[in-house]
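Below is query.cif, holding mmCIF, C-alpha atoms.
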```cif
data_my_file
#
loop_
_atom_site.label_atom_id
_atom_site.label_comp_id
_atom_site.auth_asym_id
_atom_site.auth_seq_id
_atom_site.Cartn_x
_atom_site.Cartn_y
_atom_site.Cartn_z
CA MET T 936 9.48 -37.09 23.86
CA TYR T 937 7.21 -34.24 24.88
CA PRO T 938 6.90 -32.70 21.40
CA ASN T 939 6.39 -36.14 19.80
CA THR T 940 3.69 -37.08 22.31
CA ASN T 941 1.82 -33.84 21.78
CA ARG T 942 2.19 -34.12 18.00
CA LEU T 943 0.66 -37.63 18.08
CA ARG T 944 -2.18 -36.42 20.30
CA TRP T 945 -2.81 -33.50 17.95
CA LYS T 946 -2.94 -35.80 14.93
CA VAL T 947 -5.44 -38.09 16.66
CA LEU T 948 -7.70 -35.18 17.62
CA SER T 949 -7.47 -33.76 14.10
CA LEU T 950 -8.39 -37.13 12.60
CA LEU T 951 -11.37 -37.43 14.93
CA GLY T 952 -12.48 -33.89 14.05
CA LEU T 953 -12.09 -34.59 10.34
CA SER T 954 -14.11 -37.81 10.65
CA LEU T 955 -16.83 -36.01 12.56
CA GLY T 956 -16.99 -33.18 10.02
CA LEU T 957 -17.09 -35.59 7.09
CA GLY T 958 -19.87 -37.53 8.78
CA VAL T 959 -21.90 -34.34 9.21
CA VAL T 960 -21.45 -33.42 5.53
CA ILE T 961 -22.53 -36.88 4.37
CA TRP T 962 -25.57 -36.80 6.66
CA LEU T 963 -26.62 -33.32 5.53
CA VAL T 964 -26.25 -34.16 1.84
CA SER T 965 -28.16 -37.42 2.28
CA ALA T 966 -30.96 -35.69 4.15
CA ALA T 967 -31.25 -33.02 1.47
CA SER T 968 -31.25 -35.48 -1.46
CA LEU T 969 -27.94 -36.16 -3.12
CA THR T 970 -29.41 -35.75 -6.61
CA ALA T 971 -30.78 -32.27 -5.89
CA VAL T 972 -27.50 -31.13 -4.33
CA VAL T 973 -25.46 -32.42 -7.28
CA GLN T 974 -27.80 -30.76 -9.79
CA SER T 975 -27.48 -27.40 -8.05
CA PHE T 976 -23.71 -27.80 -7.76
CA VAL T 977 -23.23 -28.71 -11.43
CA ARG T 978 -25.43 -25.82 -12.56
CA ILE T 979 -22.78 -23.26 -11.59
CA GLY T 980 -20.56 -24.38 -14.50
CA TRP T 981 -17.94 -21.82 -15.48
CA GLY T 982 -19.19 -19.55 -12.71
CA ALA T 983 -16.79 -21.48 -10.47
CA LEU T 984 -13.95 -19.54 -12.11
CA ALA T 985 -15.49 -16.28 -10.88
CA VAL T 986 -15.66 -17.69 -7.34
CA VAL T 987 -11.99 -18.72 -7.53
CA ALA T 988 -11.03 -15.28 -8.87
CA VAL T 989 -12.78 -13.57 -5.95
CA ARG T 990 -10.93 -15.76 -3.45
CA ALA T 991 -7.62 -15.01 -5.16
CA VAL T 992 -8.26 -11.27 -4.85
CA MET T 993 -9.12 -11.75 -1.16
CA ILE T 994 -5.82 -13.55 -0.55
CA VAL T 995 -3.86 -10.80 -2.30
CA THR T 996 -5.73 -8.14 -0.31
CA ASN T 997 -5.06 -9.90 3.00
CA GLY T 998 -1.40 -10.26 2.02
CA ALA T 999 -1.22 -6.53 1.36
CA ALA T 1000 -2.70 -5.89 4.82
CA TRP T 1001 0.00 -8.07 6.38
CA ALA T 1002 2.71 -6.18 4.51
CA ARG T 1003 1.23 -2.84 5.58
CA LEU T 1004 1.27 -3.99 9.20
CA LEU T 1005 5.07 -4.26 9.08
CA LYS T 1006 5.72 -1.10 7.07
CA HIS T 1007 9.04 0.49 8.14
CA LEU T 1008 9.79 -2.57 10.33
CA THR T 1009 11.12 -4.89 7.63
CA SER T 1010 12.75 -4.80 4.24
CA VAL T 1011 10.88 -7.90 3.04
CA PRO T 1012 9.07 -6.89 -0.18
CA THR T 1013 5.28 -6.92 -0.39
CA ARG T 1014 5.25 -9.70 -2.98
CA VAL T 1015 6.79 -12.05 -0.41
CA PHE T 1016 3.94 -11.30 1.99
CA LEU T 1017 1.49 -12.14 -0.81
CA LEU T 1018 3.29 -15.44 -1.34
CA ALA T 1019 3.33 -16.17 2.41
CA ARG T 1020 -0.38 -15.29 2.70
CA TRP T 1021 -1.24 -17.65 -0.16
CA ILE T 1022 0.63 -20.52 1.48
CA ARG T 1023 -0.83 -19.61 4.87
CA GLU T 1024 -4.35 -19.79 3.43
CA ALA T 1025 -3.61 -23.15 1.80
CA VAL T 1026 -2.33 -24.62 5.06
CA ASP T 1027 -5.32 -23.33 7.06
CA VAL T 1028 -7.99 -24.70 4.71
CA LEU T 1029 -6.39 -28.04 3.75
CA LEU T 1030 -4.28 -29.20 6.70
CA PRO T 1031 -5.34 -30.12 10.27
CA VAL T 1032 -3.63 -27.18 11.98
CA ALA T 1033 -6.57 -25.48 13.75
CA TYR T 1034 -6.31 -22.14 11.91
CA VAL T 1035 -3.17 -21.07 13.81
CA GLY T 1036 -0.75 -23.32 11.95
CA GLY T 1037 -1.09 -21.38 8.72
CA GLY T 1038 0.22 -18.29 10.48
CA LEU T 1039 3.27 -20.20 11.69
CA ILE T 1040 3.98 -21.51 8.22
CA GLY T 1041 3.53 -18.03 6.79
CA ALA T 1042 6.00 -16.72 9.35
CA ARG T 1043 8.38 -19.50 8.35
CA ILE T 1044 8.19 -18.36 4.72
CA LEU T 1045 9.10 -14.81 5.77
CA THR T 1046 12.22 -16.11 7.53
CA LEU T 1047 13.45 -17.36 4.15
CA TRP T 1048 13.82 -13.67 3.26
CA ARG T 1049 15.88 -12.98 6.42
CA MET T 1050 13.06 -11.86 8.71
CA PRO T 1051 13.73 -12.94 12.33
CA GLY T 1052 11.46 -15.81 13.32
CA ARG T 1053 10.13 -14.00 16.38
CA MET T 1054 9.07 -11.01 14.25
CA GLY T 1055 7.47 -13.27 11.66
CA VAL T 1056 5.38 -15.09 14.28
CA ALA T 1057 4.49 -11.84 16.09
CA SER T 1058 3.34 -10.25 12.83
CA ALA T 1059 1.26 -13.34 11.98
CA ALA T 1060 -0.39 -13.18 15.42
CA VAL T 1061 -1.23 -9.47 15.14
CA ASP T 1062 -2.39 -9.92 11.56
CA LEU T 1063 -4.68 -12.78 12.64
CA PHE T 1064 -6.02 -10.57 15.44
CA LEU T 1065 -6.80 -7.74 13.00
CA GLN T 1066 -8.38 -10.19 10.57
CA LEU T 1067 -10.66 -11.51 13.33
CA ILE T 1068 -11.64 -7.97 14.31
CA ALA T 1069 -12.47 -7.20 10.68
CA GLN T 1070 -14.48 -10.42 10.46
CA ALA T 1071 -16.35 -9.54 13.67
CA LEU T 1072 -17.22 -6.08 12.29
CA PHE T 1073 -18.41 -7.67 9.04
CA ALA T 1074 -20.48 -10.22 10.97
CA ALA T 1075 -22.05 -7.45 13.06
CA PHE T 1076 -22.99 -5.64 9.86
CA GLY T 1077 -24.51 -8.84 8.49
CA ALA T 1078 -26.47 -9.37 11.71
CA ALA T 1079 -27.80 -5.80 11.49
CA LEU T 1080 -28.98 -6.45 7.93
CA LEU T 1081 -30.63 -9.70 9.02
CA MET T 1082 -32.44 -7.94 11.88
CA ARG T 1083 -33.74 -5.34 9.46
CA LEU T 1084 -34.89 -8.10 7.14
CA ILE T 1085 -36.72 -10.42 9.57
CA GLY T 1086 -37.15 -8.27 12.67
CA THR T 1087 -35.12 -7.65 15.81
CA ARG T 1088 -37.21 -9.91 18.03
CA ASN T 1089 -36.01 -13.07 16.27
CA VAL T 1090 -32.34 -12.17 16.02
CA LEU T 1091 -31.42 -9.60 18.68
CA PRO T 1092 -30.89 -11.89 21.73
CA ASP T 1093 -28.59 -14.28 19.86
CA ALA T 1094 -26.82 -11.37 18.15
CA ILE T 1095 -26.12 -9.69 21.51
CA LEU T 1096 -24.71 -12.91 22.95
CA GLY T 1097 -22.55 -13.48 19.88
CA ILE T 1098 -21.19 -9.94 19.85
CA ALA T 1099 -20.50 -10.07 23.61
CA ALA T 1100 -18.60 -13.36 23.22
CA ALA T 1101 -16.58 -11.92 20.34
CA ILE T 1102 -15.69 -8.79 22.33
CA ILE T 1103 -14.56 -10.86 25.32
CA ALA T 1104 -12.48 -13.21 23.17
CA LEU T 1105 -10.83 -10.46 21.12
CA GLY T 1106 -10.31 -8.31 24.19
CA GLY T 1107 -8.58 -11.20 25.95
CA PHE T 1108 -6.42 -11.81 22.88
CA TYR T 1109 -5.38 -8.15 22.84
CA ILE T 1110 -4.62 -8.01 26.56
CA VAL T 1111 -2.43 -11.11 26.35
CA GLN T 1112 -0.56 -9.59 23.40
CA ARG T 1113 0.02 -6.23 25.05
CA HIS T 1114 0.31 -6.88 28.78
CA GLY T 1115 2.39 -9.49 30.51
CA GLY T 1116 1.77 -12.47 28.27
CA ALA T 1117 5.34 -12.84 27.02
CA ARG T 1118 6.25 -16.17 28.63
CA VAL T 1119 2.88 -17.76 27.95
CA ILE T 1120 2.88 -16.71 24.28
CA ASP T 1121 6.51 -17.73 23.74
CA ARG T 1122 5.84 -21.21 25.12
CA LEU T 1123 2.56 -21.53 23.23
CA PHE T 1124 4.08 -20.73 19.86
CA VAL T 1125 7.10 -22.98 20.49
CA LEU T 1126 4.68 -25.82 21.23
CA LEU T 1127 2.58 -25.05 18.17
CA SER T 1128 5.67 -24.86 15.97
CA TRP T 1129 6.60 -28.39 17.04
CA ARG T 1130 3.14 -29.56 16.01
CA VAL T 1131 3.22 -27.89 12.62
CA THR T 1132 6.84 -27.93 11.53
CA SER T 1133 10.22 -29.14 12.66
CA HIS T 1134 11.60 -25.60 12.28
CA ALA T 1135 11.25 -24.41 15.87
CA GLN T 1136 13.15 -21.21 15.12
CA THR T 1137 9.87 -19.73 13.84
CA ALA T 1138 8.90 -19.31 17.48
CA GLU T 1139 12.05 -17.98 19.07
CA VAL T 1140 11.95 -16.52 22.54
CA GLY T 1141 11.54 -12.76 22.26
CA PHE T 1142 8.06 -12.85 20.81
CA GLN T 1143 6.76 -10.17 23.18
CA ARG T 1144 9.49 -7.68 22.23
CA SER T 1145 8.58 -8.09 18.58
CA MET T 1146 4.91 -7.75 19.42
CA ASP T 1147 5.58 -4.47 21.22
CA ALA T 1148 7.56 -3.18 18.24
CA ILE T 1149 4.53 -3.79 16.01
CA TRP T 1150 1.99 -2.18 18.36
CA ASN T 1151 3.83 0.75 19.90
CA GLY T 1152 3.36 4.12 18.16
CA ARG T 1153 2.03 2.64 14.92
CA ARG T 1154 -1.71 3.27 15.16
CA PHE T 1155 -2.04 4.58 11.61
CA ASP T 1156 -0.38 1.54 9.99
CA ILE T 1157 -2.43 -0.81 12.16
CA LEU T 1158 -5.65 1.02 11.27
CA ILE T 1159 -4.86 0.85 7.56
CA ALA T 1160 -4.13 -2.89 7.85
CA LEU T 1161 -7.45 -3.39 9.66
CA LEU T 1162 -9.39 -1.46 7.00
CA VAL T 1163 -7.75 -3.52 4.25
CA HIS T 1164 -8.89 -6.70 6.03
CA VAL T 1165 -12.43 -5.29 6.24
CA LEU T 1166 -12.25 -4.60 2.50
CA ALA T 1167 -11.18 -8.21 1.87
CA TRP T 1168 -14.07 -9.64 3.89
CA THR T 1169 -16.54 -7.34 2.18
CA PHE T 1170 -15.23 -8.22 -1.27
CA GLY T 1171 -15.72 -11.89 -0.38
CA THR T 1172 -19.47 -11.30 -0.62
CA LEU T 1173 -19.06 -11.70 -4.37
CA GLU T 1174 -18.27 -15.39 -3.83
CA VAL T 1175 -21.81 -15.96 -2.57
CA TRP T 1176 -23.38 -13.61 -5.12
CA PHE T 1177 -21.62 -15.23 -8.09
CA ALA T 1178 -22.34 -18.76 -6.84
CA LEU T 1179 -26.08 -18.20 -6.39
CA HIS T 1180 -26.32 -16.14 -9.57
CA PHE T 1181 -24.82 -18.91 -11.69
CA MET T 1182 -26.97 -21.48 -9.89
CA GLU T 1183 -29.92 -19.43 -11.17
CA TRP T 1184 -31.22 -18.37 -7.80
CA PRO T 1185 -32.21 -14.67 -7.50
CA VAL T 1186 -30.21 -13.12 -4.68
CA THR T 1187 -29.88 -9.52 -3.59
CA LEU T 1188 -26.60 -7.98 -2.51
CA GLU T 1189 -28.06 -7.62 0.99
CA GLN T 1190 -28.78 -11.36 1.20
CA ALA T 1191 -25.32 -12.17 -0.13
CA VAL T 1192 -23.72 -10.03 2.60
CA ILE T 1193 -25.79 -11.81 5.28
CA LEU T 1194 -24.87 -15.25 3.97
CA GLU T 1195 -21.16 -14.46 3.62
CA SER T 1196 -20.70 -12.58 6.91
CA LEU T 1197 -22.64 -14.93 9.19
CA GLY T 1198 -21.71 -18.10 7.30
CA ALA T 1199 -18.00 -17.25 7.53
CA SER T 1200 -18.36 -16.51 11.25
CA ILE T 1201 -19.85 -19.92 11.91
CA SER T 1202 -17.10 -21.56 9.83
CA ILE T 1203 -14.36 -19.85 11.87
CA ALA T 1204 -16.05 -21.04 15.07
CA GLY T 1205 -15.31 -24.57 13.86
CA PHE T 1206 -11.54 -23.95 13.61
CA PHE T 1207 -10.81 -27.11 15.60
CA ILE T 1208 -12.09 -29.27 12.71
CA PRO T 1209 -9.83 -29.33 9.61
CA GLY T 1210 -11.33 -27.03 6.97
CA SER T 1211 -14.36 -26.50 9.27
CA LEU T 1212 -15.73 -29.55 7.48
CA GLY T 1213 -19.39 -29.97 8.38
CA ILE T 1214 -19.47 -26.74 10.39
CA GLN T 1215 -19.41 -24.59 7.25
CA GLU T 1216 -22.16 -26.65 5.64
CA ALA T 1217 -24.34 -26.48 8.74
CA GLY T 1218 -23.76 -22.73 8.99
CA TYR T 1219 -24.86 -21.98 5.44
CA LEU T 1220 -27.79 -24.34 5.87
CA LEU T 1221 -28.92 -22.42 8.95
CA ILE T 1222 -28.52 -18.93 7.47
CA GLY T 1223 -29.97 -20.08 4.14
CA HIS T 1224 -33.06 -21.42 5.91
CA VAL T 1225 -33.64 -18.05 7.56
CA LEU T 1226 -33.39 -16.34 4.16
CA GLY T 1227 -35.64 -18.87 2.43
CA LEU T 1228 -33.02 -20.78 0.41
CA PRO T 1229 -33.81 -24.42 -0.39
CA VAL T 1230 -31.73 -26.89 1.61
CA GLN T 1231 -29.99 -28.33 -1.45
CA LEU T 1232 -29.04 -24.84 -2.63
CA SER T 1233 -27.49 -23.92 0.72
CA LEU T 1234 -25.45 -27.10 0.74
CA SER T 1235 -24.41 -26.56 -2.88
CA LEU T 1236 -23.31 -23.02 -1.99
CA SER T 1237 -21.08 -24.36 0.77
CA LEU T 1238 -19.58 -26.95 -1.57
CA VAL T 1239 -18.97 -24.33 -4.27
CA LYS T 1240 -17.08 -22.21 -1.74
CA ARG T 1241 -14.76 -25.16 -1.21
CA ILE T 1242 -13.69 -25.12 -4.86
CA PRO T 1243 -11.18 -22.24 -4.28
CA ASP T 1244 -9.82 -24.16 -1.28
CA LEU T 1245 -8.68 -26.89 -3.64
CA VAL T 1246 -7.90 -24.87 -6.79
CA LEU T 1247 -5.75 -22.37 -4.89
CA GLY T 1248 -4.82 -24.47 -1.88
CA LEU T 1249 -3.18 -27.44 -3.56
CA PRO T 1250 -0.76 -25.29 -5.62
CA GLY T 1251 -0.08 -23.31 -2.44
CA LEU T 1252 0.96 -26.46 -0.57
CA LEU T 1253 3.11 -27.51 -3.53
CA THR T 1254 4.79 -24.10 -3.57
CA TRP T 1255 5.51 -24.38 0.16
CA HIS T 1256 7.07 -27.80 -0.38
CA THR T 1257 9.17 -26.44 -3.25
CA LEU T 1258 10.44 -23.50 -1.20
CA GLU T 1259 11.41 -25.73 1.72
CA THR T 1260 13.09 -28.25 -0.57
CA ARG T 1261 15.14 -25.59 -2.34
CA HIS T 1262 16.12 -24.10 1.00
CA LEU T 1263 17.34 -27.46 2.30
CA LEU T 1264 19.28 -28.22 -0.89
CA LEU T 1265 21.09 -24.88 -1.03
CA PRO T 1266 24.59 -24.82 0.47
CA LYS T 1267 24.63 -23.34 3.94
CA GLY T 1268 25.06 -19.58 3.79
CA ASP T 1269 23.88 -19.30 0.19
CA GLY T 1270 20.66 -18.08 -1.38
CA VAL T 1271 17.72 -17.93 0.96
CA ALA T 1272 19.83 -18.64 4.01
CA ARG T 1273 21.50 -15.26 3.50
CA GLY T 1274 18.28 -13.49 2.61
CA GLN T 1275 19.34 -13.08 -1.01
CA TRP T 1276 16.76 -15.32 -2.64
CA LYS T 1277 14.54 -13.21 -4.82
CA LEU T 1278 11.28 -14.01 -6.51
CA ARG T 1279 11.70 -14.18 -10.25
CA TRP T 1280 8.66 -13.93 -12.48
CA ARG T 1281 9.69 -15.81 -15.60
CA ARG T 1282 8.12 -15.13 -18.94
CA LYS T 1283 7.40 -18.13 -21.06
#
```
Please express the file's structure as structure tokens.
Amino acid sequence: MYPNTNRLRWKVLSLLGLSLGLGVVIWLVSAASLTAVVQSFVRIGWGALAVVAVRAVMIVTNGAAWARLLKHLTSVPTRVFLLARWIREAVDVLLPVAYVGGGLIGARILTLWRMPGRMGVASAAVDLFLQLIAQALFAAFGAALLMRLIGTRNVLPDAILGIAAAIIALGGFYIVQRHGGARVIDRLFVLLSWRVTSHAQTAEVGFQRSMDAIWNGRRFDILIALLVHVLAWTFGTLEVWFALHFMEWPVTLEQAVILESLGASISIAGFFIPGSLGIQEAGYLLIGHVLGLPVQLSLSLSLVKRIPDLVLGLPGLLTWHTLETRHLLLPKGDGVARGQWKLRWRRK
């Protein structure tokens, strides 16, 4: 009963968050003039393909970082990590799982290639931690550029508070991972696995031992994984640059970095709302106002950035469903269950 009760409560909270976010989006678009927003959105035309391509490269890059994190610890090929990262991204942006659920689903995908569930979840947790550090570094860089652009007096106090909060949160996350948080983390991920999927084996007891195996004596691999995540965030600036360029608004690379770094930070802060719906729009509206972007253009930019969520996310969810279905239909002990299922790239 306990898992079912918590699952129902989670669904209710997610539905309330989704309703709130949708209400915010509708209000913002109405206040900015629906016609103007639609005109700016439509103006991007085929430029949307460039935005989708940038997001695809980011997903591949983040998947490579995840694979690098487990170098010498697993025989799972890199292409499987890319697949798991794609599905993980799709789950995070389209399903009400509060940003953590995608990691659990990604870990579940890795278990189909005979990775122990506890190692899959531990690697997803460390990878998420490194991704957040990379995002914080990127946001700090964006804040520095904004201070140079409009002056330190207007930005510095809020920037200091934001950086301090990020350091405390990430520091706490690291301490829990590395020192004495085994029981708490094991129970947390078991509970989360019940909320996201019926496959509770993705959160087996023994999480802390797997976490230690990833962290201990592997500073170089961890540093490389972190740098790859930083590269992915930085490359994501092209999403903003392409979107505004095709919407015929002159934007410098510096402004694009500010919009992407700070806008993404605000979106992540709204992880409790599915897809950060409403939070992302408000974030780009705020940063765009500081940089002198018209309201309708800022809202259109946020909507354009949701195109890759759908174009890449929906096939990702379908692929996840297909993998799980094939796994369930295979005879016990065959195929994926024995870790012998290989990706086959078929030529048409």
Residues in the PyMOL selection byres ((chain T and resi 1191) around 10), expressed as a list in words:
Gly1077, Gly1171, Thr1172, Leu1173, Glu1174, Val1175, Trp1176, Phe1177, Ala1178, Leu1179, Val1186, Thr1187, Leu1188, Glu1189, Gln1190, Val1192, Ile1193, Leu1194, Glu1195 and Ser1196 of chain T
Residue contacts of His1256 (chain T) (12 Å, all atoms listed in the file) excluding same-chain residues fewer than 3 positions away, as a PyMOL selection string:
chain T and resi 1022+1025-1026+1040+1044+1132+1249-1253+1259-1263
Restricting the calculation to all atoms listed in the file, which member of T:Val1225, T:Val1246, T:Ala1069, T:Leu1232 is positioned closest to Ile1085 (chain T)?
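Under the stated criterion, the closest residue is T:Val1225.
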If the PyMOL selection byres ((chain T and resi 984) around 12) is run on the structure shown, which residues does it catch, given as a list in words?
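That selection, the PyMOL selection byres ((chain T and resi 984) around 12), comes back as Ile979, Gly980, Trp981, Gly982, Ala983, Ala985, Val986, Val987, Ala988, Val989, Arg990, Ala991, Glu1174, Phe1177, Ala1178, Phe1181, Val1239, Lys1240, Ile1242, Pro1243, Val1246 and Leu1247 of chain T.
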So what does the PyMOL selection byres ((chain T and resi 1000) around 8) actually pick up in this one, as a ChimeraX atom specification?
/T:996-999,1001-1004,1062,1159-1161,1163-1164
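The two atoms in question, CA of Leu1063 (chain T) and CA of Leu1234 (chain T), are spaced 27.9 Å apart.
Across the model, the gap from CA of Arg1043 (chain T) to CA of Leu1018 (chain T) is 11.7 Å.
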Give me the residues within 12 Å of Gly1055 (chain T) as an MDAnalysis selection string, counting all atoms listed in the file and dropping any in the same chain fewer than 2 places off.
chainID T and resid 1001:1002 1004:1005 1008:1009 1011 1016 1019 1038:1053 1057:1062 1124 1136:1139 1141:1143 1145:1146 1149
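Proximity to Ile1157 (chain T) was assessed for T:Pro1012, T:Leu1029, T:Leu1197, T:Phe1064 counting only C-alpha atoms; the smallest distance is recorded for T:Phe1064.
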Within 9 Å of Ala1199 (chain T), counting all atoms listed in the file, which residues show up once you throw out same-chain ones fewer than 5 positions away? Write them as a PyMOL selection string, please.
chain T and resi 1070+1074+1194+1204+1215+1218-1219
Which distance in Å separates CA of Leu1080 (chain T) and CA of Leu1158 (chain T), to one decimal?
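According to the coordinates, CA of Leu1080 (chain T) and CA of Leu1158 (chain T) are separated by 24.7 Å.
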Kindly indicate which residue among T:Gly1198, T:Leu1245, T:Pro1185, T:Arg1023 lies nearest to His1224 (chain T), using only C-alpha atoms for the distances.
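Closest residue, counting only C-alpha atoms: T:Gly1198.
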Option closest in space to Pro1229 (chain T), from T:Asp1156, T:Val995, T:Trp1184, T:Trp1150 [counting all atoms listed in the file]:
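Of the candidates, the smallest distance to Pro1229 (chain T) is held by T:Trp1184.
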Ranking T:Val992, T:Arg1154, T:Ala1071, T:Phe1170 by minimum distance to Ile1203 (chain T) and counting all atoms listed in the file, which one comes first?
T:Ala1071
Taking N, CA and C atoms as the atom set, what does region 989-1011 of chain T look like once completed, written as a PDB file, in the coordinates of the input?
```pdb
ATOM      1  N   VAL T 989     -12.478 -14.396  -7.129  1.00  0.00           N
ATOM      2  CA  VAL T 989     -12.780 -13.570  -5.950  1.00  0.00           C
ATOM      3  C   VAL T 989     -11.901 -13.985  -4.774  1.00  0.00           C
ATOM      4  N   ARG T 990     -11.767 -15.301  -4.556  1.00  0.00           N
ATOM      5  CA  ARG T 990     -10.930 -15.760  -3.450  1.00  0.00           C
ATOM      6  C   ARG T 990      -9.470 -15.348  -3.651  1.00  0.00           C
ATOM      7  N   ALA T 991      -8.994 -15.404  -4.885  1.00  0.00           N
ATOM      8  CA  ALA T 991      -7.620 -15.010  -5.160  1.00  0.00           C
ATOM      9  C   ALA T 991      -7.400 -13.535  -4.822  1.00  0.00           C
ATOM     10  N   VAL T 992      -8.371 -12.692  -5.174  1.00  0.00           N
ATOM     11  CA  VAL T 992      -8.260 -11.270  -4.850  1.00  0.00           C
ATOM     12  C   VAL T 992      -8.274 -11.072  -3.336  1.00  0.00           C
ATOM     13  N   MET T 993      -9.085 -11.847  -2.629  1.00  0.00           N
ATOM     14  CA  MET T 993      -9.120 -11.750  -1.160  1.00  0.00           C
ATOM     15  C   MET T 993      -7.757 -12.095  -0.555  1.00  0.00           C
ATOM     16  N   ILE T 994      -7.124 -13.145  -1.078  1.00  0.00           N
ATOM     17  CA  ILE T 994      -5.820 -13.550  -0.550  1.00  0.00           C
ATOM     18  C   ILE T 994      -4.782 -12.456  -0.794  1.00  0.00           C
ATOM     19  N   VAL T 995      -4.785 -11.889  -1.986  1.00  0.00           N
ATOM     20  CA  VAL T 995      -3.860 -10.800  -2.300  1.00  0.00           C
ATOM     21  C   VAL T 995      -4.104  -9.608  -1.388  1.00  0.00           C
ATOM     22  N   THR T 996      -5.380  -9.280  -1.164  1.00  0.00           N
ATOM     23  CA  THR T 996      -5.730  -8.140  -0.310  1.00  0.00           C
ATOM     24  C   THR T 996      -5.270  -8.379   1.121  1.00  0.00           C
ATOM     25  N   ASN T 997      -5.505  -9.583   1.643  1.00  0.00           N
ATOM     26  CA  ASN T 997      -5.060  -9.900   3.000  1.00  0.00           C
ATOM     27  C   ASN T 997      -3.536  -9.880   3.093  1.00  0.00           C
ATOM     28  N   GLY T 998      -2.864 -10.326   2.030  1.00  0.00           N
ATOM     29  CA  GLY T 998      -1.400 -10.260   2.020  1.00  0.00           C
ATOM     30  C   GLY T 998      -0.898  -8.832   2.056  1.00  0.00           C
ATOM     31  N   ALA T 999      -1.596  -7.952   1.340  1.00  0.00           N
ATOM     32  CA  ALA T 999      -1.220  -6.530   1.360  1.00  0.00           C
ATOM     33  C   ALA T 999      -1.418  -5.934   2.749  1.00  0.00           C
ATOM     34  N   ALA T1000      -2.466  -6.366   3.450  1.00  0.00           N
ATOM     35  CA  ALA T1000      -2.700  -5.890   4.820  1.00  0.00           C
ATOM     36  C   ALA T1000      -1.563  -6.329   5.741  1.00  0.00           C
ATOM     37  N   TRP T1001      -1.114  -7.554   5.577  1.00  0.00           N
ATOM     38  CA  TRP T1001       0.000  -8.070   6.380  1.00  0.00           C
ATOM     39  C   TRP T1001       1.270  -7.274   6.121  1.00  0.00           C
ATOM     40  N   ALA T1002       1.526  -6.977   4.852  1.00  0.00           N
ATOM     41  CA  ALA T1002       2.710  -6.180   4.510  1.00  0.00           C
ATOM     42  C   ALA T1002       2.615  -4.776   5.099  1.00  0.00           C
ATOM     43  N   ARG T1003       1.423  -4.194   5.042  1.00  0.00           N
ATOM     44  CA  ARG T1003       1.230  -2.840   5.580  1.00  0.00           C
ATOM     45  C   ARG T1003       1.464  -2.816   7.087  1.00  0.00           C
ATOM     46  N   LEU T1004       1.097  -3.907   7.755  1.00  0.00           N
ATOM     47  CA  LEU T1004       1.270  -3.990   9.200  1.00  0.00           C
ATOM     48  C   LEU T1004       2.724  -3.831   9.603  1.00  0.00           C
ATOM     49  N   LEU T1005       3.640  -4.312   8.759  1.00  0.00           N
ATOM     50  CA  LEU T1005       5.070  -4.260   9.080  1.00  0.00           C
ATOM     51  C   LEU T1005       5.804  -3.166   8.308  1.00  0.00           C
ATOM     52  N   LYS T1006       5.070  -2.194   7.789  1.00  0.00           N
ATOM     53  CA  LYS T1006       5.720  -1.100   7.070  1.00  0.00           C
ATOM     54  C   LYS T1006       6.722  -0.396   7.979  1.00  0.00           C
ATOM     55  N   HIS T1007       7.922  -0.147   7.448  1.00  0.00           N
ATOM     56  CA  HIS T1007       9.040   0.490   8.140  1.00  0.00           C
ATOM     57  C   HIS T1007       9.703  -0.423   9.188  1.00  0.00           C
ATOM     58  N   LEU T1008       9.194  -1.649   9.363  1.00  0.00           N
ATOM     59  CA  LEU T1008       9.790  -2.570  10.330  1.00  0.00           C
ATOM     60  C   LEU T1008      10.583  -3.684   9.651  1.00  0.00           C
ATOM     61  N   THR T1009      10.436  -3.824   8.354  1.00  0.00           N
ATOM     62  CA  THR T1009      11.120  -4.890   7.630  1.00  0.00           C
ATOM     63  C   THR T1009      11.405  -4.453   6.198  1.00  0.00           C
ATOM     64  N   SER T1010      12.423  -5.068   5.638  1.00  0.00           N
ATOM     65  CA  SER T1010      12.750  -4.800   4.240  1.00  0.00           C
ATOM     66  C   SER T1010      12.204  -5.883   3.309  1.00  0.00           C
ATOM     67  N   VAL T1011      11.471  -6.835   3.862  1.00  0.00           N
ATOM     68  CA  VAL T1011      10.880  -7.900   3.040  1.00  0.00           C
ATOM     69  C   VAL T1011       9.868  -7.278   2.090  1.00  0.00           C
TER      70      VAL T1011
END
```
